[in-house]
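Visitor: Provided below: start-v2.tsv, containing TSV, C-alpha atoms.
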chain	number	residue	atom	x	y	z
A	150	MET	CA	35.09	84.19	-85.34
A	151	LEU	CA	37.78	81.56	-84.95
A	152	ILE	CA	40.10	84.02	-83.21
A	153	ILE	CA	37.33	85.19	-80.89
A	154	GLY	CA	36.39	81.61	-80.01
A	155	PHE	CA	39.92	80.42	-79.30
A	156	SER	CA	40.88	83.58	-77.41
A	157	SER	CA	37.79	83.37	-75.23
A	158	LEU	CA	38.52	79.74	-74.39
A	159	ILE	CA	42.12	80.39	-73.37
A	160	PHE	CA	41.20	83.53	-71.42
A	161	ALA	CA	38.40	81.70	-69.59
A	162	THR	CA	40.70	78.91	-68.43
A	163	SER	CA	43.36	81.44	-67.44
A	164	ILE	CA	41.16	83.53	-65.14
A	165	ALA	CA	39.27	80.62	-63.59
A	166	SER	CA	41.62	80.55	-60.60
A	167	ASP	CA	40.78	84.18	-59.80
A	168	PHE	CA	37.03	84.16	-60.44
A	169	GLY	CA	36.09	80.47	-60.11
A	170	TRP	CA	35.11	78.02	-62.83
A	171	PHE	CA	31.40	78.75	-62.41
A	172	SER	CA	31.67	82.52	-62.07
A	173	ILE	CA	29.72	84.79	-64.40
A	174	GLU	CA	32.93	86.02	-66.03
A	175	VAL	CA	34.23	82.55	-66.88
A	176	LEU	CA	30.86	81.20	-67.99
A	177	ALA	CA	30.34	84.26	-70.17
A	178	LEU	CA	33.67	83.67	-71.89
A	179	PHE	CA	32.80	80.01	-72.47
A	180	ALA	CA	29.48	81.13	-73.94
A	181	ILE	CA	31.25	83.59	-76.25
A	182	CYS	CA	33.59	80.78	-77.31
A	183	LEU	CA	30.68	78.46	-78.09
A	184	ILE	CA	28.75	81.12	-80.01
A	185	ALA	CA	31.80	82.18	-82.02
A	186	LEU	CA	32.79	78.63	-82.96
A	187	THR	CA	29.20	77.74	-83.87
A	188	ALA	CA	29.01	80.83	-86.09
A	189	PHE	CA	32.31	79.87	-87.72
A	190	TYR	CA	31.05	76.33	-88.34
A	191	LYS	CA	27.81	77.51	-89.96
A	192	GLN	CA	29.61	80.16	-92.00
A	193	SER	CA	32.07	77.56	-93.27
A	194	LEU	CA	29.26	75.23	-94.31
A	195	ASN	CA	27.53	77.98	-96.30
A	196	SER	CA	30.63	79.51	-97.88
A	197	SER	CA	31.84	78.59	-101.35
A	198	THR	CA	35.43	79.36	-100.32
A	199	PRO	CA	35.64	78.53	-96.60
A	200	LEU	CA	38.75	79.05	-94.52
A	201	LEU	CA	38.35	75.45	-93.40
A	202	ARG	CA	36.05	72.80	-94.80
A	203	VAL	CA	34.47	71.72	-91.53
A	204	GLN	CA	32.93	68.69	-93.22
A	205	ILE	CA	36.07	66.88	-92.07
A	206	PHE	CA	34.50	66.52	-88.63
A	207	ARG	CA	31.66	64.46	-90.08
A	208	TYR	CA	34.13	61.59	-90.41
A	209	LEU	CA	34.04	60.12	-86.91
A	210	PRO	CA	37.36	58.21	-87.03
A	211	TYR	CA	39.10	61.44	-88.03
A	212	THR	CA	37.31	63.44	-85.33
A	213	LEU	CA	38.19	60.91	-82.62
A	214	SER	CA	41.79	60.79	-83.84
A	215	THR	CA	41.93	64.57	-83.62
A	216	ALA	CA	40.54	64.42	-80.08
A	217	SER	CA	43.23	61.88	-79.14
A	218	LEU	CA	45.94	64.06	-80.62
A	219	LEU	CA	44.69	67.14	-78.78
A	220	LEU	CA	44.57	65.30	-75.47
A	221	VAL	CA	48.17	64.14	-75.95
A	222	GLY	CA	49.12	67.78	-76.52
A	223	PHE	CA	47.08	68.78	-73.47
A	224	ILE	CA	48.96	66.27	-71.30
A	225	CYS	CA	52.33	67.21	-72.78
A	226	LEU	CA	52.00	70.90	-71.95
A	227	GLY	CA	50.34	70.11	-68.64
A	228	LEU	CA	53.31	68.00	-67.56
A	229	GLY	CA	55.64	70.65	-68.93
A	230	PHE	CA	54.11	73.07	-66.45
A	231	LEU	CA	53.68	70.75	-63.47
A	232	ILE	CA	57.08	69.08	-63.36
A	233	PRO	CA	59.38	72.14	-63.20
A	234	ASN	CA	57.06	73.98	-60.82
A	235	TYR	CA	56.76	70.99	-58.50
A	236	ALA	CA	60.52	70.48	-58.56
A	237	GLN	CA	61.22	74.09	-57.62
A	238	LEU	CA	58.42	74.82	-55.14
A	239	VAL	CA	58.10	71.42	-53.45
A	240	SER	CA	61.48	69.71	-53.88
A	241	HIS	CA	63.37	73.05	-53.82
A	242	THR	CA	65.61	72.23	-56.77
A	243	ASP	CA	67.17	75.08	-58.72
A	244	ALA	CA	65.60	76.33	-61.95
A	245	PHE	CA	68.23	74.77	-64.22
A	246	THR	CA	67.82	71.31	-62.69
A	247	ALA	CA	64.03	71.60	-62.79
A	248	GLY	CA	64.13	72.43	-66.48
A	249	CYS	CA	66.50	69.56	-67.23
A	250	LEU	CA	64.09	67.01	-65.76
A	251	LEU	CA	62.24	66.98	-69.07
A	252	LEU	CA	65.35	66.68	-71.23
A	253	PRO	CA	65.87	62.88	-71.19
A	254	GLY	CA	62.24	62.29	-72.10
A	255	CYS	CA	62.36	64.84	-74.91
A	256	ILE	CA	65.41	63.12	-76.38
A	257	ILE	CA	63.76	59.70	-76.17
A	258	GLY	CA	60.56	61.03	-77.72
A	259	ALA	CA	62.44	62.53	-80.65
A	260	MET	CA	64.36	59.29	-81.23
A	261	LEU	CA	61.19	57.19	-81.20
A	262	ALA	CA	59.27	59.26	-83.75
A	263	PRO	CA	60.93	57.67	-86.83
A	264	ILE	CA	60.73	54.22	-85.24
A	265	SER	CA	56.98	54.60	-84.82
A	266	GLY	CA	56.77	55.42	-88.52
A	267	ARG	CA	58.50	52.16	-89.38
A	268	LEU	CA	56.13	50.25	-87.10
A	269	LEU	CA	53.22	51.97	-88.81
A	270	ASP	CA	54.47	50.80	-92.20
A	271	LYS	CA	55.11	47.26	-90.98
A	272	PHE	CA	52.23	46.53	-88.61
A	273	GLY	CA	49.66	49.25	-89.26
A	274	ALA	CA	48.50	52.00	-86.92
A	275	GLN	CA	46.85	50.01	-84.16
A	276	ARG	CA	49.90	48.58	-82.40
A	277	PRO	CA	52.02	51.73	-82.09
A	278	ILE	CA	49.04	53.91	-81.18
A	279	LEU	CA	47.69	51.61	-78.46
A	280	LEU	CA	51.20	50.95	-77.14
A	281	GLY	CA	51.81	54.68	-76.97
A	282	ASN	CA	48.44	55.34	-75.35
A	283	ALA	CA	49.10	52.71	-72.69
A	284	SER	CA	52.52	54.18	-71.92
A	285	ILE	CA	51.08	57.68	-71.54
A	286	LEU	CA	48.39	56.35	-69.22
A	287	LEU	CA	50.98	54.48	-67.15
A	288	SER	CA	53.04	57.65	-66.81
A	289	VAL	CA	50.27	59.88	-65.49
A	290	ILE	CA	48.95	57.11	-63.22
A	291	CYS	CA	52.41	56.85	-61.66
A	292	TYR	CA	52.46	60.61	-61.08
A	293	SER	CA	48.95	60.55	-59.61
A	294	LEU	CA	49.25	57.56	-57.32
A	295	TYR	CA	52.80	57.86	-55.99
A	296	PRO	CA	52.20	58.28	-52.25
A	297	GLY	CA	55.15	60.44	-51.21
A	298	GLU	CA	57.01	63.48	-52.45
A	299	LEU	CA	58.20	63.01	-56.00
A	300	SER	CA	61.98	63.13	-56.36
A	301	SER	CA	63.89	64.33	-59.42
A	302	LEU	CA	64.72	60.74	-60.37
A	303	LEU	CA	61.07	59.70	-60.23
A	304	PHE	CA	60.07	62.68	-62.35
A	305	ILE	CA	62.59	61.63	-65.00
A	306	VAL	CA	61.58	57.96	-64.95
A	307	PHE	CA	57.84	58.65	-65.08
A	308	TYR	CA	58.32	61.24	-67.81
A	309	LEU	CA	60.27	58.71	-69.87
A	310	PHE	CA	57.10	56.59	-69.98
A	311	PHE	CA	55.18	59.59	-71.26
A	312	ALA	CA	57.85	60.45	-73.83
A	313	PHE	CA	57.86	56.84	-75.02
A	314	GLY	CA	54.10	56.97	-75.49
A	315	GLN	CA	54.16	60.38	-77.12
A	316	GLY	CA	56.88	59.33	-79.55
A	317	PHE	CA	54.95	56.24	-80.58
A	318	SER	CA	51.50	57.76	-80.79
A	319	MET	CA	51.41	61.40	-81.89
A	320	GLY	CA	52.62	61.13	-85.47
A	321	THR	CA	50.86	57.82	-85.95
A	322	ILE	CA	47.56	59.17	-84.65
A	323	MET	CA	47.78	62.06	-87.10
A	324	THR	CA	48.65	59.81	-90.03
A	325	ASN	CA	45.92	57.34	-89.20
A	326	GLY	CA	43.34	60.08	-88.69
A	327	LEU	CA	44.11	61.79	-91.98
A	328	SER	CA	43.91	58.47	-93.80
A	329	GLN	CA	40.23	58.29	-92.84
A	330	LEU	CA	39.43	61.39	-94.90
A	331	PRO	CA	38.85	61.60	-98.65
A	332	GLU	CA	41.98	62.80	-100.41
A	333	GLU	CA	40.44	66.17	-101.28
A	334	LEU	CA	39.91	66.93	-97.57
A	335	ASN	CA	43.39	65.95	-96.41
A	336	ALA	CA	44.77	69.50	-96.51
A	337	ASP	CA	41.90	70.78	-94.37
A	338	GLY	CA	42.27	67.86	-91.99
A	339	ASN	CA	45.98	68.47	-91.58
A	340	ALA	CA	45.46	72.20	-91.02
A	341	ALA	CA	42.75	71.57	-88.42
A	342	MET	CA	44.86	69.04	-86.52
A	343	ASN	CA	47.91	71.28	-86.34
A	344	THR	CA	45.94	74.39	-85.39
A	345	LEU	CA	43.90	72.64	-82.72
A	346	LEU	CA	47.03	70.96	-81.34
A	347	GLN	CA	48.51	74.38	-80.58
A	348	LEU	CA	45.25	75.38	-78.92
A	349	ALA	CA	45.21	72.20	-76.83
A	350	GLY	CA	48.70	72.95	-75.56
A	351	ALA	CA	47.71	76.48	-74.57
A	352	VAL	CA	44.55	75.26	-72.85
A	353	GLY	CA	46.49	72.49	-71.11
A	354	THR	CA	48.93	74.97	-69.61
A	355	ALA	CA	46.11	77.33	-68.61
A	356	VAL	CA	43.94	74.64	-67.02
A	357	ILE	CA	46.73	72.95	-65.06
A	358	SER	CA	48.23	76.24	-63.90
A	359	THR	CA	44.77	77.33	-62.75
A	360	ILE	CA	44.34	74.13	-60.74
A	361	VAL	CA	47.69	74.64	-59.02
A	362	ALA	CA	47.05	78.35	-58.45
A	363	THR	CA	43.68	77.57	-56.86
A	364	ALA	CA	45.33	75.19	-54.39
A	365	GLN	CA	48.04	77.75	-53.61
A	366	ALA	CA	45.45	80.46	-52.99
A	367	ALA	CA	43.66	78.18	-50.53
A	368	GLU	CA	46.84	77.66	-48.48
A	369	PRO	CA	49.04	80.74	-48.94
A	370	THR	CA	51.08	80.13	-45.78
A	371	ASN	CA	52.44	76.79	-47.01
A	372	ILE	CA	53.16	77.10	-50.71
A	373	ALA	CA	55.12	73.85	-50.89
A	374	HIS	CA	52.26	71.75	-49.51
A	375	ALA	CA	49.68	73.66	-51.55
A	376	THR	CA	51.70	73.14	-54.72
A	377	MET	CA	52.00	69.43	-54.00
A	378	LEU	CA	48.24	69.17	-53.46
A	379	GLY	CA	47.42	71.22	-56.55
A	380	SER	CA	49.85	69.18	-58.62
A	381	ARG	CA	48.17	65.96	-57.55
A	382	HIS	CA	44.85	67.38	-58.69
A	383	GLY	CA	46.50	68.33	-61.96
A	384	PHE	CA	47.96	64.85	-62.39
A	385	PHE	CA	44.49	63.41	-61.81
A	386	VAL	CA	43.06	65.60	-64.59
A	387	LEU	CA	45.84	64.40	-66.88
A	388	THR	CA	45.07	60.79	-65.94
A	389	VAL	CA	41.44	61.26	-66.94
A	390	SER	CA	42.67	62.77	-70.21
A	391	ALA	CA	44.90	59.74	-70.82
A	392	VAL	CA	41.95	57.39	-70.26
A	393	LEU	CA	39.96	59.39	-72.81
A	394	ILE	CA	42.83	59.08	-75.30
A	395	LEU	CA	42.77	55.31	-74.99
A	396	CYS	CA	38.98	55.21	-75.31
A	397	CYS	CA	39.05	57.38	-78.43
A	398	SER	CA	41.73	55.21	-80.02
A	399	LEU	CA	39.86	51.99	-79.29
A	400	LYS	CA	36.70	53.49	-80.80
A	401	VAL	CA	38.63	54.58	-83.90
A	402	PHE	CA	39.91	51.07	-84.54
A	403	ALA	CA	36.49	49.59	-83.84
A	404	LEU	CA	35.00	51.89	-86.49
A	405	ILE	CA	37.76	51.07	-88.96
A	406	LYS	CA	37.25	47.36	-88.34
A	407	LYS	CA	33.51	47.71	-88.87
A	408	LYS	CA	34.03	49.66	-92.08
A	409	ASN	CA	36.75	47.40	-93.43
A	410	PRO	CA	36.90	43.97	-91.73
A	411	ALA	CA	39.86	42.97	-93.89
A	412	HIS	CA	42.03	45.44	-91.95
A	413	ALA	CA	41.05	44.06	-88.54
Using structure tokens, write down the structure from this file.
Guide:
Amino acid sequence: MLIIGFSSLIFATSIASDFGWFSIEVLALFAICLIALTAFYKQSLNSSTPLLRVQIFRYLPYTLSTASLLLVGFICLGLGFLIPNYAQLVSHTDAFTAGCLLLPGCIIGAMLAPISGRLLDKFGAQRPILLGNASILLSVICYSLYPGELSSLLFIVFYLFFAFGQGFSMGTIMTNGLSQLPEELNADGNAAMNTLLQLAGAVGTAVISTIVATAQAAEPTNIAHATMLGSRHGFFVLTVSAVLILCCSLKVFALIKKKNPAHA
């Protein structure tokens, strides 16, 4: 059931550019996804040896942390699609240069991961997570609102903001979310987070590529302009996702504060 649900979701987002988001084919796939995941959830609740103990999602701080993590993954893979394609089709850079635009940010993100762990140990989860969330939001806002054609330098600079935020927030969000579960559910929580993170990346690529492809199909005689327009729509979707990340994180810390005022 899990495979059917996830496959239907990815396939639906992939074909939406050809059939339309509200076409019978796409809606049917979304319905299959919903039915399959609901069946999996009920089966897991009634099984003595479930594949995944779905009771983990009854802990709201964990569920919201998982949502934040998935949205970061969604944005990461979305940017990973948008930036090289924009650079090649709009700015007409070569494939090697377009691919290298992400490299400085990836290096910075990898370097910041252990630093965020130290901040977590010293100050708790709230500061690094909210700092990371704000940096991610700043990055996608810059992409969305920049008025002209984005140059390679701007892509690198804006992506550095995202990488900074990702490096500070992803591992810390996961650690903080898992800490909200009883110890006996930690393995299930960790498995769910990692599995769903891969799904979020796949869906992110599918959704953003569909948005760009839809714009290109509407203006086939001017691919560069259509790609620029579709990319802006994609950046807007990522901006909304970044706002949701921040909202989820704020709600998580509000719930933790309510549950344990001493940690406020």
Visitor: Using only C-alpha atoms and a cutoff of 12 Å, can you tell me which residues are near (54.3, 51.5, -72.6) in the file's coordinates, and write them out as a VMD selection string?
Guide: chain A and resid 276 to 289 307 to 318
Visitor: Could you tell me how far CA of Tyr211 in chain A sits from CA of Glu332 in chain A, in Å to one decimal place?
Guide: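 Separation between CA of Glu332 in chain A and CA of Tyr211 in chain A: 12.8 Å.
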Visitor: Of the candidates A:Ile164, A:Ile152, A:Ala259, A:Val389, which shows the shortest atom-to-atom distance to Gly320 in chain A, using only C-alpha atoms?
Guide: A:Ala259
Visitor: In Å to one decimal, how far is CA of Gly383 in chain A from CA of Thr363 in chain A?
Guide: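 Computed distance, CA of Thr363 in chain A to CA of Gly383 in chain A, equals 10.9 Å.
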Visitor: Could you pull the residues within 9 Å of Ala355 in chain A, counting only C-alpha atoms, minus those fewer than 6 positions along the same chain, as a list in words?
Guide: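 Once the adjacent positions are removed, what remains is Ile159, Phe160, Ala161, Thr162, Ser163, Ile164 and Gly227 of chain A.
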Visitor: Generate a file of the selected residues that holds C-alpha atoms, formatted as a CSV table (one decimal), in the coordinates of the input.
Guide:
chain,number,residue,atom,x,y,z
A,159,ILE,CA,42.1,80.4,-73.4
A,160,PHE,CA,41.2,83.5,-71.4
A,161,ALA,CA,38.4,81.7,-69.6
A,162,THR,CA,40.7,78.9,-68.4
A,163,SER,CA,43.4,81.4,-67.4
A,164,ILE,CA,41.2,83.5,-65.1
A,227,GLY,CA,50.3,70.1,-68.6
Visitor: Got a minute to add N, CA and C atoms to range 159-179 of chain A and dump it as a PDB file, in the frame of the given file?
Guide:
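Written file, selection.pdb:
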ATOM      1  N   ILE A 159      40.855  80.301 -74.116  1.00  0.00           N
ATOM      2  CA  ILE A 159      42.120  80.390 -73.370  1.00  0.00           C
ATOM      3  C   ILE A 159      41.997  81.375 -72.215  1.00  0.00           C
ATOM      4  N   PHE A 160      41.354  82.513 -72.470  1.00  0.00           N
ATOM      5  CA  PHE A 160      41.200  83.530 -71.420  1.00  0.00           C
ATOM      6  C   PHE A 160      40.339  82.997 -70.283  1.00  0.00           C
ATOM      7  N   ALA A 161      39.290  82.255 -70.618  1.00  0.00           N
ATOM      8  CA  ALA A 161      38.400  81.700 -69.590  1.00  0.00           C
ATOM      9  C   ALA A 161      39.154  80.747 -68.670  1.00  0.00           C
ATOM     10  N   THR A 162      39.946  79.861 -69.259  1.00  0.00           N
ATOM     11  CA  THR A 162      40.700  78.910 -68.430  1.00  0.00           C
ATOM     12  C   THR A 162      41.794  79.603 -67.629  1.00  0.00           C
ATOM     13  N   SER A 163      42.285  80.727 -68.135  1.00  0.00           N
ATOM     14  CA  SER A 163      43.360  81.440 -67.440  1.00  0.00           C
ATOM     15  C   SER A 163      42.871  82.181 -66.208  1.00  0.00           C
ATOM     16  N   ILE A 164      41.658  82.722 -66.265  1.00  0.00           N
ATOM     17  CA  ILE A 164      41.160  83.530 -65.140  1.00  0.00           C
ATOM     18  C   ILE A 164      40.311  82.724 -64.168  1.00  0.00           C
ATOM     19  N   ALA A 165      40.140  81.439 -64.452  1.00  0.00           N
ATOM     20  CA  ALA A 165      39.270  80.620 -63.590  1.00  0.00           C
ATOM     21  C   ALA A 165      39.772  80.558 -62.161  1.00  0.00           C
ATOM     22  N   SER A 166      41.088  80.617 -61.963  1.00  0.00           N
ATOM     23  CA  SER A 166      41.620  80.550 -60.600  1.00  0.00           C
ATOM     24  C   SER A 166      41.283  81.806 -59.802  1.00  0.00           C
ATOM     25  N   ASP A 167      41.104  82.933 -60.484  1.00  0.00           N
ATOM     26  CA  ASP A 167      40.780  84.180 -59.800  1.00  0.00           C
ATOM     27  C   ASP A 167      39.282  84.339 -59.551  1.00  0.00           C
ATOM     28  N   PHE A 168      38.468  83.917 -60.531  1.00  0.00           N
ATOM     29  CA  PHE A 168      37.030  84.160 -60.440  1.00  0.00           C
ATOM     30  C   PHE A 168      36.222  82.900 -60.106  1.00  0.00           C
ATOM     31  N   GLY A 169      36.830  81.719 -60.314  1.00  0.00           N
ATOM     32  CA  GLY A 169      36.090  80.470 -60.110  1.00  0.00           C
ATOM     33  C   GLY A 169      35.544  79.954 -61.432  1.00  0.00           C
ATOM     34  N   TRP A 170      35.526  78.623 -61.571  1.00  0.00           N
ATOM     35  CA  TRP A 170      35.110  78.020 -62.830  1.00  0.00           C
ATOM     36  C   TRP A 170      33.657  78.308 -63.171  1.00  0.00           C
ATOM     37  N   PHE A 171      32.821  78.529 -62.156  1.00  0.00           N
ATOM     38  CA  PHE A 171      31.400  78.750 -62.410  1.00  0.00           C
ATOM     39  C   PHE A 171      30.992  80.204 -62.172  1.00  0.00           C
ATOM     40  N   SER A 172      31.974  81.094 -62.214  1.00  0.00           N
ATOM     41  CA  SER A 172      31.670  82.520 -62.070  1.00  0.00           C
ATOM     42  C   SER A 172      31.037  83.049 -63.355  1.00  0.00           C
ATOM     43  N   ILE A 173      30.379  84.186 -63.235  1.00  0.00           N
ATOM     44  CA  ILE A 173      29.720  84.790 -64.400  1.00  0.00           C
ATOM     45  C   ILE A 173      30.739  85.119 -65.480  1.00  0.00           C
ATOM     46  N   GLU A 174      31.909  85.623 -65.061  1.00  0.00           N
ATOM     47  CA  GLU A 174      32.930  86.020 -66.030  1.00  0.00           C
ATOM     48  C   GLU A 174      33.412  84.827 -66.862  1.00  0.00           C
ATOM     49  N   VAL A 175      33.712  83.733 -66.177  1.00  0.00           N
ATOM     50  CA  VAL A 175      34.230  82.550 -66.880  1.00  0.00           C
ATOM     51  C   VAL A 175      33.152  81.916 -67.744  1.00  0.00           C
ATOM     52  N   LEU A 176      31.951  81.785 -67.210  1.00  0.00           N
ATOM     53  CA  LEU A 176      30.860  81.200 -67.990  1.00  0.00           C
ATOM     54  C   LEU A 176      30.523  82.053 -69.204  1.00  0.00           C
ATOM     55  N   ALA A 177      30.611  83.370 -69.042  1.00  0.00           N
ATOM     56  CA  ALA A 177      30.340  84.260 -70.170  1.00  0.00           C
ATOM     57  C   ALA A 177      31.373  84.066 -71.281  1.00  0.00           C
ATOM     58  N   LEU A 178      32.625  83.897 -70.893  1.00  0.00           N
ATOM     59  CA  LEU A 178      33.670  83.670 -71.890  1.00  0.00           C
ATOM     60  C   LEU A 178      33.484  82.323 -72.595  1.00  0.00           C
ATOM     61  N   PHE A 179      33.090  81.307 -71.841  1.00  0.00           N
ATOM     62  CA  PHE A 179      32.800  80.010 -72.470  1.00  0.00           C
ATOM     63  C   PHE A 179      31.623  80.138 -73.438  1.00  0.00           C
TER      64      PHE A 179
END
